[in-house]
$ cat coords_10.txt   # compact mmCIF, C-alpha atoms
# COMPACT_ATOMS: atom_id res chain seq x y z
CA MET A 1 -14.56 31.03 73.73
CA THR A 2 -11.78 29.23 75.62
CA SER A 3 -12.05 25.44 75.65
CA SER A 4 -10.94 23.50 78.70
CA GLN A 5 -11.55 20.15 80.33
CA ALA A 6 -14.14 21.78 82.59
CA SER A 7 -15.97 23.47 79.70
CA MET A 8 -15.93 20.40 77.43
CA ASP A 9 -17.09 17.78 79.95
CA PRO A 10 -20.71 19.06 80.13
CA LEU A 11 -20.90 19.00 76.32
CA ARG A 12 -20.54 15.20 76.44
CA GLN A 13 -23.90 14.89 78.19
CA ALA A 14 -25.88 17.35 76.08
CA GLY A 15 -27.90 16.44 72.99
CA ASP A 16 -30.31 18.58 70.96
CA GLU A 17 -33.38 19.43 73.02
CA LEU A 18 -35.69 20.46 70.15
CA ALA A 19 -34.87 17.59 67.80
CA ASP A 20 -34.78 15.02 70.62
CA ALA A 21 -38.24 16.04 71.84
CA THR A 22 -39.62 15.90 68.28
CA VAL A 23 -38.24 12.42 67.62
CA ALA A 24 -39.41 11.11 71.01
CA ALA A 25 -42.94 12.34 70.28
CA LEU A 26 -42.96 10.75 66.80
CA PHE A 27 -41.93 7.39 68.25
CA ASP A 28 -44.32 7.59 71.21
CA ARG A 29 -47.23 8.26 68.84
CA GLY A 30 -46.18 5.71 66.22
CA GLU A 31 -45.87 8.42 63.58
CA VAL A 32 -42.33 7.85 62.27
CA GLY A 33 -43.47 5.88 59.21
CA THR A 34 -46.01 8.54 58.28
CA PHE A 35 -43.40 11.27 58.70
CA ASN A 36 -40.85 9.48 56.49
CA THR A 37 -43.39 8.77 53.75
CA LEU A 38 -44.69 12.32 53.59
CA MET A 39 -41.29 13.99 53.92
CA ARG A 40 -39.96 12.25 50.81
CA HIS A 41 -42.11 14.77 48.94
CA VAL A 42 -40.61 17.74 50.82
CA SER A 43 -37.21 18.37 49.28
CA THR A 44 -37.13 22.12 48.62
CA ALA A 45 -37.30 25.11 50.96
CA GLY A 46 -40.62 26.93 50.99
CA ALA A 47 -42.60 23.97 49.67
CA PRO A 48 -45.99 23.52 51.36
CA LEU A 49 -46.00 20.87 54.05
CA PRO A 50 -48.15 17.88 53.11
CA ASP A 51 -51.54 17.20 54.65
CA GLY A 52 -51.43 14.55 57.32
CA LEU A 53 -47.95 15.47 58.55
CA PRO A 54 -47.76 14.84 62.32
CA TYR A 55 -48.34 18.06 64.25
CA VAL A 56 -45.12 17.78 66.26
CA ALA A 57 -43.12 17.44 63.03
CA ARG A 58 -44.93 20.39 61.48
CA GLU A 59 -43.99 22.53 64.51
CA TYR A 60 -40.35 21.43 64.28
CA LEU A 61 -40.14 22.14 60.54
CA GLN A 62 -41.65 25.59 60.96
CA ALA A 63 -39.28 26.41 63.85
CA THR A 64 -36.20 25.37 61.82
CA SER A 65 -37.22 26.67 58.39
CA ALA A 66 -34.82 29.63 58.34
CA PRO A 67 -31.11 30.14 59.02
CA PRO A 68 -30.07 31.93 62.23
CA ALA A 69 -30.72 35.66 62.32
CA TRP A 70 -27.03 36.46 62.85
CA VAL A 71 -25.88 35.14 59.43
CA ASP A 72 -23.56 37.49 57.53
CA TRP A 73 -24.64 36.95 53.92
CA ALA A 74 -21.58 38.66 52.46
CA GLU A 75 -19.41 36.19 54.36
CA MET A 76 -21.54 33.29 53.09
CA GLU A 77 -21.05 34.51 49.51
CA ARG A 78 -17.28 34.57 50.08
CA ALA A 79 -17.55 30.98 51.33
CA ARG A 80 -19.45 29.95 48.22
CA LEU A 81 -16.84 31.51 45.92
CA PHE A 82 -14.10 29.79 47.94
CA PHE A 83 -15.86 26.48 47.37
CA ILE A 84 -16.19 27.11 43.62
CA ASP A 85 -12.48 27.92 43.36
CA ASN A 86 -11.47 24.84 45.37
CA ASN A 87 -14.32 22.37 44.94
CA VAL A 88 -12.29 19.42 43.72
CA HIS A 89 -9.68 20.00 46.46
CA ILE A 90 -12.41 20.31 49.10
CA SER A 91 -14.05 17.10 47.89
CA THR A 92 -10.66 15.36 48.12
CA ALA A 93 -10.12 16.66 51.64
CA LEU A 94 -13.60 15.65 52.77
CA SER A 95 -13.19 12.13 51.40
CA PHE A 96 -9.58 11.36 52.26
CA ALA A 97 -8.99 13.45 55.40
CA ALA A 98 -12.18 14.56 57.16
CA MET A 99 -13.90 11.16 57.09
CA PRO A 100 -10.81 9.19 58.20
CA ALA A 101 -10.19 11.80 60.92
CA CYS A 102 -13.63 10.95 62.34
CA TYR A 103 -12.57 7.30 62.50
CA VAL A 104 -9.54 8.19 64.63
CA VAL A 105 -11.94 8.99 67.50
CA PRO A 106 -12.83 5.50 68.80
CA HIS A 107 -16.25 6.33 70.24
CA VAL A 108 -17.24 8.12 67.01
CA ALA A 109 -16.11 5.11 64.96
CA LYS A 110 -18.07 2.88 67.35
CA LEU A 111 -21.17 5.02 66.89
CA LEU A 112 -20.86 4.98 63.10
CA SER A 113 -20.45 1.22 63.18
CA ALA A 114 -23.53 0.89 65.38
CA THR A 115 -25.75 3.06 63.22
CA HIS A 116 -24.71 2.53 59.59
CA SER A 117 -24.65 -0.66 57.59
CA LEU A 118 -21.00 -1.34 56.87
CA LYS A 119 -22.10 -3.03 53.66
CA TYR A 120 -23.07 0.34 52.18
CA PRO A 121 -20.35 2.92 52.94
CA SER A 122 -21.18 4.75 49.71
CA LYS A 123 -24.49 5.85 51.26
CA ARG A 124 -22.70 7.60 54.12
CA MET A 125 -20.25 9.30 51.74
CA ALA A 126 -22.96 10.19 49.24
CA GLU A 127 -25.11 11.81 51.93
CA THR A 128 -22.15 13.90 53.10
CA GLY A 129 -21.19 14.93 49.56
CA GLN A 130 -24.74 15.78 48.55
CA PHE A 131 -25.24 17.83 51.73
CA THR A 132 -22.10 19.89 51.02
CA VAL A 133 -23.07 20.49 47.40
CA TYR A 134 -26.51 21.70 48.52
CA LEU A 135 -24.86 24.06 51.03
CA MET A 136 -22.62 25.74 48.47
CA GLN A 137 -25.32 26.55 45.92
CA PRO A 138 -26.02 30.30 45.41
CA ASP A 139 -29.65 29.83 46.49
CA ALA A 140 -28.92 27.51 49.41
CA PHE A 141 -31.07 29.49 51.85
CA GLU A 142 -33.76 30.67 49.45
CA ALA A 143 -37.13 29.23 48.47
CA GLY A 144 -36.65 26.29 46.13
CA SER A 145 -33.26 25.22 47.53
CA ARG A 146 -32.57 21.73 48.80
CA PHE A 147 -30.21 22.61 51.65
CA ILE A 148 -32.64 23.68 54.39
CA PRO A 149 -34.86 20.55 54.15
CA ALA A 150 -31.72 18.40 54.10
CA ALA A 151 -30.41 20.10 57.26
CA GLN A 152 -33.78 19.68 58.99
CA LYS A 153 -33.84 15.96 58.18
CA VAL A 154 -30.20 15.34 59.14
CA ARG A 155 -30.86 16.98 62.51
CA LEU A 156 -33.77 14.59 63.13
CA LEU A 157 -31.65 11.67 61.92
CA HIS A 158 -29.04 12.47 64.59
CA ALA A 159 -31.78 12.71 67.22
CA SER A 160 -33.21 9.35 66.14
CA ILE A 161 -29.81 7.71 66.57
CA ARG A 162 -29.61 9.09 70.11
CA HIS A 163 -33.14 7.81 70.73
CA HIS A 164 -32.43 4.27 69.50
CA LEU A 165 -29.07 3.79 71.18
CA GLN A 166 -30.27 5.05 74.56
CA ARG A 167 -33.67 3.34 74.46
CA ASP A 168 -32.20 -0.03 73.47
CA ASN A 169 -29.34 0.21 76.00
CA ARG A 170 -26.84 -0.15 73.16
CA TRP A 171 -24.65 2.76 74.28
CA ASP A 172 -22.62 3.20 77.46
CA THR A 173 -23.72 6.74 78.22
CA GLN A 174 -21.90 6.86 81.54
CA THR A 175 -18.56 6.10 79.89
CA LEU A 176 -19.01 7.52 76.41
CA GLY A 177 -21.45 10.36 77.05
CA THR A 178 -24.61 11.02 75.09
CA PRO A 179 -24.39 9.63 71.53
CA ILE A 180 -23.85 12.45 69.01
CA CYS A 181 -23.41 14.83 71.93
CA GLN A 182 -22.64 18.53 71.64
CA GLU A 183 -18.89 17.97 71.98
CA ASP A 184 -18.90 15.46 69.11
CA MET A 185 -21.14 17.65 66.96
CA ILE A 186 -18.69 20.52 67.41
CA GLY A 187 -15.85 18.09 66.70
CA GLY A 188 -17.61 17.03 63.51
CA GLN A 189 -17.96 20.67 62.53
CA MET A 190 -14.20 21.01 63.02
CA PHE A 191 -13.48 17.93 60.87
CA PHE A 192 -15.51 19.28 57.96
CA SER A 193 -14.10 22.79 58.20
CA LEU A 194 -10.72 23.03 59.94
CA THR A 195 -9.46 19.58 58.88
CA VAL A 196 -10.44 20.37 55.29
CA LEU A 197 -8.56 23.68 55.41
CA ASP A 198 -5.50 21.96 56.90
CA SER A 199 -5.66 19.36 54.13
CA LEU A 200 -5.82 22.04 51.44
CA HIS A 201 -2.67 23.54 52.95
CA ARG A 202 -1.01 20.09 53.00
CA LEU A 203 -1.93 19.62 49.34
CA GLY A 204 -0.26 22.94 48.53
CA VAL A 205 -3.46 24.81 47.67
CA HIS A 206 -2.94 28.56 48.01
CA MET A 207 -5.82 30.28 49.77
CA SER A 208 -6.40 33.64 51.34
CA THR A 209 -7.06 34.12 55.03
CA GLU A 210 -10.39 35.69 54.12
CA GLY A 211 -11.40 32.65 52.06
CA ALA A 212 -10.44 30.20 54.80
CA GLU A 213 -12.31 32.20 57.44
CA ALA A 214 -15.39 32.39 55.23
CA TYR A 215 -15.38 28.62 54.67
CA TYR A 216 -15.13 28.05 58.43
CA TYR A 217 -17.93 30.57 58.98
CA ALA A 218 -20.21 28.66 56.58
CA TRP A 219 -19.80 25.54 58.69
CA ARG A 220 -20.67 27.53 61.80
CA VAL A 221 -23.96 28.35 60.10
CA VAL A 222 -24.40 24.67 59.24
CA GLY A 223 -23.72 23.73 62.85
CA ALA A 224 -26.37 26.13 64.08
CA MET A 225 -28.91 24.60 61.70
CA LEU A 226 -27.98 21.10 62.88
CA GLY A 227 -28.66 21.96 66.51
CA VAL A 228 -25.14 22.74 67.72
CA ASP A 229 -25.04 25.07 70.74
CA GLN A 230 -23.46 28.22 69.31
CA GLU A 231 -22.43 29.44 72.74
CA ALA A 232 -19.94 26.56 72.85
CA VAL A 233 -18.70 26.81 69.26
CA PRO A 234 -15.32 28.48 68.54
CA LYS A 235 -15.90 31.73 66.68
CA SER A 236 -12.51 32.07 64.98
CA LEU A 237 -10.00 29.78 63.33
CA ASP A 238 -7.55 30.26 66.20
CA GLU A 239 -10.19 29.26 68.75
CA ALA A 240 -11.21 26.35 66.54
CA ARG A 241 -7.61 25.14 66.47
CA ARG A 242 -7.41 25.14 70.26
CA PHE A 243 -10.73 23.30 70.55
CA MET A 244 -9.70 20.71 67.96
CA ASP A 245 -6.34 20.07 69.61
CA ARG A 246 -7.98 19.52 72.98
CA TYR A 247 -10.74 17.36 71.50
CA MET A 248 -8.28 15.07 69.73
CA ILE A 249 -5.97 14.81 72.74
CA ARG A 250 -9.00 13.81 74.82
CA HIS A 251 -10.29 11.15 72.48
CA MET A 252 -8.15 10.03 69.53
CA GLY A 253 -6.64 6.56 69.30
CA PRO A 254 -6.81 3.23 67.44
CA SER A 255 -9.91 1.04 67.32
CA GLN A 256 -11.14 -1.97 65.38
CA GLU A 257 -14.18 0.01 64.26
CA GLY A 258 -12.01 2.83 62.97
CA ALA A 259 -9.82 0.42 60.99
CA HIS A 260 -12.86 -1.32 59.54
CA LEU A 261 -14.55 1.91 58.47
CA THR A 262 -11.31 3.13 56.88
CA ARG A 263 -10.94 -0.04 54.91
CA GLN A 264 -14.52 0.31 53.71
CA LEU A 265 -13.76 3.84 52.54
CA ILE A 266 -10.57 2.80 50.74
CA ASP A 267 -12.32 -0.11 49.00
CA LEU A 268 -15.15 2.20 47.98
CA TYR A 269 -12.86 4.71 46.28
CA GLU A 270 -10.75 2.00 44.69
CA GLU A 271 -13.94 0.92 42.96
CA VAL A 272 -14.52 4.49 41.73
CA VAL A 273 -10.96 4.80 40.32
CA PRO A 274 -10.92 3.17 36.84
CA GLY A 275 -8.82 0.01 36.60
CA THR A 276 -6.49 -1.14 39.37
CA PHE A 277 -3.16 0.53 38.61
CA PHE A 278 -4.10 3.75 40.40
CA ASP A 279 -5.86 2.05 43.35
CA PRO A 280 -2.94 2.55 45.77
CA ILE A 281 -3.21 6.34 45.37
CA VAL A 282 -6.34 6.19 47.56
CA SER A 283 -4.40 4.81 50.54
CA ALA A 284 -1.47 7.11 49.77
CA LEU A 285 -3.70 10.20 49.85
CA VAL A 286 -5.28 9.17 53.15
CA ARG A 287 -1.85 8.58 54.71
CA HIS A 288 -0.49 11.85 53.33
CA LEU A 289 -3.42 13.90 54.66
CA VAL A 290 -3.95 12.34 58.11
CA GLY A 291 -0.28 11.61 58.88
CA ASP A 292 1.52 8.35 59.58
CA THR A 293 0.47 7.92 63.21
CA CYS A 294 -3.25 8.21 62.51
CA ALA A 295 -2.88 6.21 59.28
CA ASP A 296 -1.23 3.38 61.21
CA TRP A 297 -3.99 3.47 63.82
CA LEU A 298 -6.49 3.14 60.96
CA GLN A 299 -4.40 0.38 59.32
CA VAL A 300 -4.00 2.31 56.09
CA PRO A 301 -1.60 0.24 53.97
CA ARG A 302 1.72 1.65 52.85
CA THR A 303 2.06 1.65 49.06
CA ARG A 304 4.48 2.55 46.30
CA TRP A 305 2.51 5.78 45.85
CA ASP A 306 3.31 7.14 49.32
CA THR A 307 6.30 9.09 48.01
CA LEU A 308 4.79 10.04 44.66
CA VAL A 309 1.69 11.56 46.23
CA LYS A 310 3.89 14.16 47.91
CA ALA A 311 4.39 15.67 44.45
CA VAL A 312 0.72 16.69 44.36
CA PRO A 313 1.44 20.20 45.75
CA ARG A 314 3.84 20.86 42.85
CA LEU A 315 1.24 19.76 40.30
CA LEU A 316 -1.40 21.95 41.93
CA GLY A 317 1.07 24.82 41.90
CA VAL A 318 1.39 24.51 38.12
CA LEU A 319 -2.39 24.46 37.73
CA GLU A 320 -2.78 27.51 39.97
CA THR A 321 -0.20 29.37 37.85
CA ILE A 322 -2.29 28.63 34.76
CA GLU A 323 -5.41 29.78 36.60
CA ASP A 324 -3.79 33.04 37.74
CA ARG A 325 -2.42 33.96 34.31
CA SER A 326 -5.35 33.03 32.09
CA PRO A 327 -9.05 33.85 32.58
CA LEU A 328 -9.86 31.06 30.13
CA GLY A 329 -7.63 28.68 32.08
CA ALA A 330 -9.31 29.73 35.32
CA TRP A 331 -12.74 29.06 33.80
CA ALA A 332 -11.64 25.69 32.42
CA LEU A 333 -10.15 24.56 35.74
CA ASP A 334 -13.23 25.69 37.70
CA ARG A 335 -15.40 23.79 35.23
CA LEU A 336 -13.19 20.71 35.46
CA GLY A 337 -13.37 20.88 39.25
CA HIS A 338 -17.15 21.10 39.12
CA LEU A 339 -17.41 18.14 36.74
CA THR A 340 -15.01 16.08 38.84
CA THR A 341 -17.07 16.75 41.96
CA VAL A 342 -20.30 15.88 40.15
CA PHE A 343 -18.74 12.67 38.78
CA GLU A 344 -17.56 11.62 42.23
CA LEU A 345 -20.96 12.31 43.77
CA SER A 346 -22.85 10.56 40.96
CA SER A 347 -20.57 7.53 41.32
CA LEU A 348 -21.46 7.31 45.00
CA THR A 349 -25.20 7.95 44.62
CA ARG A 350 -25.60 5.88 41.43
CA GLY A 351 -27.49 8.91 40.11
CA ARG A 352 -30.09 8.88 42.88
CA VAL A 353 -31.13 11.66 45.25
CA MET A 354 -30.22 10.63 48.81
CA HIS A 355 -33.07 10.82 51.33
CA TYR A 356 -32.36 11.50 55.00
CA ALA A 357 -35.05 9.44 56.75
CA ILE A 358 -35.57 8.65 60.43
CA PRO A 359 -34.71 4.95 60.90
CA GLU A 360 -37.57 3.13 62.63
CA GLN A 361 -35.03 0.75 64.12
CA LEU A 362 -31.29 0.10 64.02
CA LYS A 363 -30.38 -3.25 62.57
CA LYS A 364 -28.88 -5.64 65.07
CA ASP A 365 -26.17 -6.83 62.71
CA TYR A 366 -24.47 -3.46 62.43
CA GLY A 367 -21.01 -3.29 63.90
CA VAL A 368 -17.74 -5.14 63.52
CA THR A 369 -16.15 -8.23 64.97
CA ASP A 370 -13.13 -8.31 67.25
CA SER A 371 -10.77 -8.51 64.28
CA VAL A 372 -10.74 -6.65 61.00
CA PRO A 373 -11.64 -9.16 58.27
CA PRO A 374 -9.48 -9.40 55.16
CA GLY A 375 -10.52 -7.57 52.02
CA LYS A 376 -9.48 -7.18 48.42
CA ARG A 377 -6.01 -5.74 47.86
CA TRP A 378 -5.70 -5.05 51.61
CA THR A 379 -2.18 -5.11 53.08
CA PRO A 380 -2.14 -3.85 56.68
CA PRO A 381 1.10 -2.42 58.05
CA ALA A 382 3.44 -4.68 59.97
CA ALA A 383 2.82 -2.81 63.20
CA THR A 384 0.66 -0.01 64.48
CA VAL A 385 1.82 3.01 66.42
CA SER A 386 0.77 3.04 70.05
CA PRO A 387 -1.04 6.15 71.27

$ encode --input "coords_10.txt" --output "structure tokens"
Amino acid sequence: MTSSQASMDPLRQAGDELADATVAALFDRGEVGTFNTLMRHVSTAGAPLPDGLPYVAREYLQATSAPPAWVDWAEMERARLFFIDNNVHISTALSFAAMPACYVVPHVAKLLSATHSLKYPSKRMAETGQFTVYLMQPDAFEAGSRFIPAAQKVRLLHASIRHHLQRDNRWDTQTLGTPICQEDMIGGQMFFSLTVLDSLHRLGVHMSTEGAEAYYYAWRVVGAMLGVDQEAVPKSLDEARRFMDRYMIRHMGPSQEGAHLTRQLIDLYEEVVPGTFFDPIVSALVRHLVGDTCADWLQVPRTRWDTLVKAVPRLLGVLETIEDRSPLGAWALDRLGHLTTVFELSSLTRGRVMHYAIPEQLKKDYGVTDSVPPGKRWTPPAATVSP
């Protein structure tokens, strides 16, 4: 697949036909509340669908209950092993690179601000983290797993956001395209796969080409299950790189929404880090992974840790040497990575299971003001870099 202006423009107008039709029918028939109530009890693949579930939802869930037929299960197993070996690094990249990278695209930041309460950024991060953990379980696509129901619900959540924004005339479709359009869904797939791999490289994590390709492949499978048109999705890492470069050139830049969301993320993780001495490492990691230009657009503060954080690759190199030379060391580091990931996720979820429900309405007070309000320990840079 070769991406070009001509091939990407139509993707801005396309949504997800199956999910959009399902959500429209649920709203037209007043069945959203019933669906949400009943679906709280459907959290594992293969579980019987509850009595009283709206017929249109039952049809959708049956049609999306299995992964695509083209899945290479050997490749998915390689992806799972890659995740186990690098789970703490992947979690770091998702939190401090992939999410801020989304905020560098102004219309994506605007959409997130319009559809998520900025008072609860942990919910957004917890949903993303939980979804990824479900994906990388050995039984992710088998009966009893939590991944497939989560993917089905997230797909409907995206469709409901399109429904609300377009129905309420809260989105400039002519200028910005369809909310959560195919181009942005593919872009999101790139953030959570390619941007993560780039961040691992920037952190000095050694990985094989086969492992990186498998991890990217797993997110192609995820994209298919979330309604992304696979005919438009890059099939290889090289094609993904070309798509991502063109996507970012087309759209990236500074925005008030992006700066506000970034500050929310930084404050959130500063609360997770014990004490206050290490708080600046959060901003330093974001700046290190997204680069100075994007960090300035997002108003990521410069800190005394900006130079120190560049030593992270050397530290990881020492740990990888231990892992390579000692089976016990490898086991201990894998276990530590798992526990760190679980701790981070439990801190965000407060120990709860996150439910992906269809919002019956979008609150009117979502969004940001014309200026980014001050916050605790927030020191914006003296100047931002112009695009």

$ atom_distance --input "coords_10.txt" --atom1 "atom CA of A:Leu11" --atom2 "atom CA of A:His251"
13.7 Å

$ closest_residue --input "coords_10.txt" --among "A:Ala143, A:Met252, A:Leu156, A:Met99" --to "A:Thr128" --atoms "all atoms listed in the file"
A:Met99

$ atom_distance --input "coords_10.txt" --atom1 "atom CA of A:Glu77" --atom2 "atom CA of A:Ser91"
18.8 Å

$ residues_around --input "coords_10.txt" --residues "A:Glu213" --least-positions-apart "2" --cutoff "10 Å" --atoms "only C-alpha atoms" --output "list in words"
Glu75, Arg78, Ala79, Phe82, Ser193, Leu194, Leu197, Ser208, Thr209, Glu210, Gly211, Tyr215, Tyr216, Tyr217, Ala218, Lys235, Ser236 and Leu237 of chain A

$ residues_around --input "coords_10.txt" --residues "stretch 161-175 of chain A" --least-positions-apart "4" --cutoff "9 Å" --atoms "only C-alpha atoms" --output "list in words"
Gln13, Gly15, Asp20, Val23, Ala24, Leu111, Ala114, Thr115, Leu156, Leu157, Pro179, Ile180, Cys181, Ile358, Pro359, Glu360, Gln361 and Leu362 of chain A

$ closest_residue --input "coords_10.txt" --among "A:Val105, A:Thr262, A:Leu135, A:Met39" --to "A:Ile249" --atoms "all atoms listed in the file"
A:Val105

$ atom_distance --input "coords_10.txt" --atom1 "atom CA of A:Tyr247" --atom2 "atom CA of A:Pro10"
13.3 Å

$ closest_residue --input "coords_10.txt" --among "A:Lys110, A:Thr34, A:Ala21, A:Gln230" --to "A:Trp70" --atoms "all atoms listed in the file"
A:Gln230

$ closest_atom_pairs --input "coords_10.txt" --of "stretch 234-274 of chain A" --to "stretch 293-306 of chain A" --cutoff "9 Å" --atoms "only C-alpha atoms" --output "CSV"
residue,atom,partner,partner_atom,distance
A:Met252,CA,A:Cys294,CA,8.8
A:Gly253,CA,A:Trp297,CA,6.8
A:Pro254,CA,A:Trp297,CA,4.6
A:Ser255,CA,A:Trp297,CA,7.3
A:Gln256,CA,A:Leu298,CA,8.2
A:Glu257,CA,A:Leu298,CA,8.9
A:Gly258,CA,A:Leu298,CA,5.9
A:Ala259,CA,A:Leu298,CA,4.3
A:His260,CA,A:Leu298,CA,7.9
A:Leu261,CA,A:Leu298,CA,8.5
A:Thr262,CA,A:Leu298,CA,6.3
A:Arg263,CA,A:Val300,CA,7.4
A:Ile266,CA,A:Val300,CA,8.5

$ axis_aligned_box --input "coords_10.txt" --around "stretch 175-188 of chain A" --padding-each-side "8 Å" --output "JSON"
{"center_x": -20.2, "center_y": 13.3, "center_z": 71.7, "size_x": 24.8, "size_y": 30.4, "size_z": 32.4}

$ residues_near_point --input "coords_10.txt" --point "(-41.9, 19.5, 49.8)" --cutoff "12 Å" --atoms "only C-alpha atoms" --output "count of residues only"
24

$ closest_residue --input "coords_10.txt" --among "A:Ala19, A:Met207, A:Ala14, A:Met190" --to "A:Pro234" --atoms "only C-alpha atoms"
A:Met190

$ residues_around --input "coords_10.txt" --residues "A:Asp9" --least-positions-apart "4" --cutoff "12 Å" --atoms "only C-alpha atoms" --output "PyMOL selection string"
chain A and resi 3-5+13-14+175-178+181-184+232+246-247+250

$ closest_residue --input "coords_10.txt" --among "A:Ala151, A:Leu18, A:Leu226, A:Met136" --to "A:Ile90" --atoms "only C-alpha atoms"
A:Met136

$ closest_residue --input "coords_10.txt" --among "A:Ala240, A:Val221, A:Ala66, A:Leu265" --to "A:Glu142" --atoms "all atoms listed in the file"
A:Ala66

$ build_atoms --input "coords_10.txt" --residues "stretch 250-256 of chain A" --atoms "all heavy atoms" --output "PDB file, in the frame of the given file"
ATOM      1  N   ARG A 250      -8.078  14.483  73.913  1.00  0.00           N
ATOM      2  CA  ARG A 250      -9.000  13.810  74.820  1.00  0.00           C
ATOM      3  C   ARG A 250      -9.444  12.435  74.304  1.00  0.00           C
ATOM      4  O   ARG A 250      -9.669  11.513  75.092  1.00  0.00           O
ATOM      5  CB  ARG A 250     -10.254  14.669  75.038  1.00  0.00           C
ATOM      6  CG  ARG A 250     -10.101  15.773  76.057  1.00  0.00           C
ATOM      7  CD  ARG A 250     -11.206  16.816  75.905  1.00  0.00           C
ATOM      8  NE  ARG A 250     -12.570  16.339  76.105  1.00  0.00           N
ATOM      9  CZ  ARG A 250     -13.209  16.313  77.279  1.00  0.00           C
ATOM     10  NH1 ARG A 250     -12.574  16.710  78.382  1.00  0.00           N
ATOM     11  NH2 ARG A 250     -14.463  15.915  77.363  1.00  0.00           N
ATOM     12  N   HIS A 251      -9.556  12.302  72.989  1.00  0.00           N
ATOM     13  CA  HIS A 251     -10.290  11.150  72.480  1.00  0.00           C
ATOM     14  C   HIS A 251      -9.588  10.281  71.436  1.00  0.00           C
ATOM     15  O   HIS A 251      -9.961   9.116  71.273  1.00  0.00           O
ATOM     16  CB  HIS A 251     -11.617  11.623  71.867  1.00  0.00           C
ATOM     17  CG  HIS A 251     -12.510  12.334  72.821  1.00  0.00           C
ATOM     18  ND1 HIS A 251     -13.010  11.747  73.963  1.00  0.00           N
ATOM     19  CD2 HIS A 251     -13.007  13.609  72.809  1.00  0.00           C
ATOM     20  CE1 HIS A 251     -13.774  12.605  74.617  1.00  0.00           C
ATOM     21  NE2 HIS A 251     -13.781  13.746  73.939  1.00  0.00           N
ATOM     22  N   MET A 252      -8.624  10.788  70.680  1.00  0.00           N
ATOM     23  CA  MET A 252      -8.150  10.030  69.530  1.00  0.00           C
ATOM     24  C   MET A 252      -7.357   8.791  69.933  1.00  0.00           C
ATOM     25  O   MET A 252      -6.755   8.723  71.010  1.00  0.00           O
ATOM     26  CB  MET A 252      -7.291  10.916  68.627  1.00  0.00           C
ATOM     27  CG  MET A 252      -5.956  11.329  69.189  1.00  0.00           C
ATOM     28  SD  MET A 252      -5.053  12.341  67.974  1.00  0.00           S
ATOM     29  CE  MET A 252      -3.515  12.610  68.853  1.00  0.00           C
ATOM     30  N   GLY A 253      -7.364   7.796  69.064  1.00  0.00           N
ATOM     31  CA  GLY A 253      -6.640   6.560  69.300  1.00  0.00           C
ATOM     32  C   GLY A 253      -7.086   5.488  68.312  1.00  0.00           C
ATOM     33  O   GLY A 253      -7.988   5.689  67.502  1.00  0.00           O
ATOM     34  N   PRO A 254      -6.455   4.315  68.362  1.00  0.00           N
ATOM     35  CA  PRO A 254      -6.810   3.230  67.440  1.00  0.00           C
ATOM     36  C   PRO A 254      -8.056   2.486  67.917  1.00  0.00           C
ATOM     37  O   PRO A 254      -8.381   2.473  69.102  1.00  0.00           O
ATOM     38  CB  PRO A 254      -5.581   2.317  67.506  1.00  0.00           C
ATOM     39  CG  PRO A 254      -5.035   2.533  68.891  1.00  0.00           C
ATOM     40  CD  PRO A 254      -5.316   3.972  69.228  1.00  0.00           C
ATOM     41  N   SER A 255      -8.768   1.892  66.983  1.00  0.00           N
ATOM     42  CA  SER A 255      -9.910   1.040  67.320  1.00  0.00           C
ATOM     43  C   SER A 255     -10.187   0.110  66.150  1.00  0.00           C
ATOM     44  O   SER A 255      -9.867   0.423  64.999  1.00  0.00           O
ATOM     45  CB  SER A 255     -11.157   1.885  67.611  1.00  0.00           C
ATOM     46  OG  SER A 255     -11.632   2.518  66.433  1.00  0.00           O
ATOM     47  N   GLN A 256     -10.766  -1.046  66.440  1.00  0.00           N
ATOM     48  CA  GLN A 256     -11.140  -1.970  65.380  1.00  0.00           C
ATOM     49  C   GLN A 256     -12.191  -1.353  64.470  1.00  0.00           C
ATOM     50  O   GLN A 256     -12.161  -1.523  63.251  1.00  0.00           O
ATOM     51  CB  GLN A 256     -11.659  -3.278  65.984  1.00  0.00           C
ATOM     52  CG  GLN A 256     -10.596  -4.087  66.732  1.00  0.00           C
ATOM     53  CD  GLN A 256      -9.512  -4.600  65.793  1.00  0.00           C
ATOM     54  OE1 GLN A 256      -9.749  -4.803  64.611  1.00  0.00           O
ATOM     55  NE2 GLN A 256      -8.315  -4.806  66.323  1.00  0.00           N
TER      56      GLN A 256
END
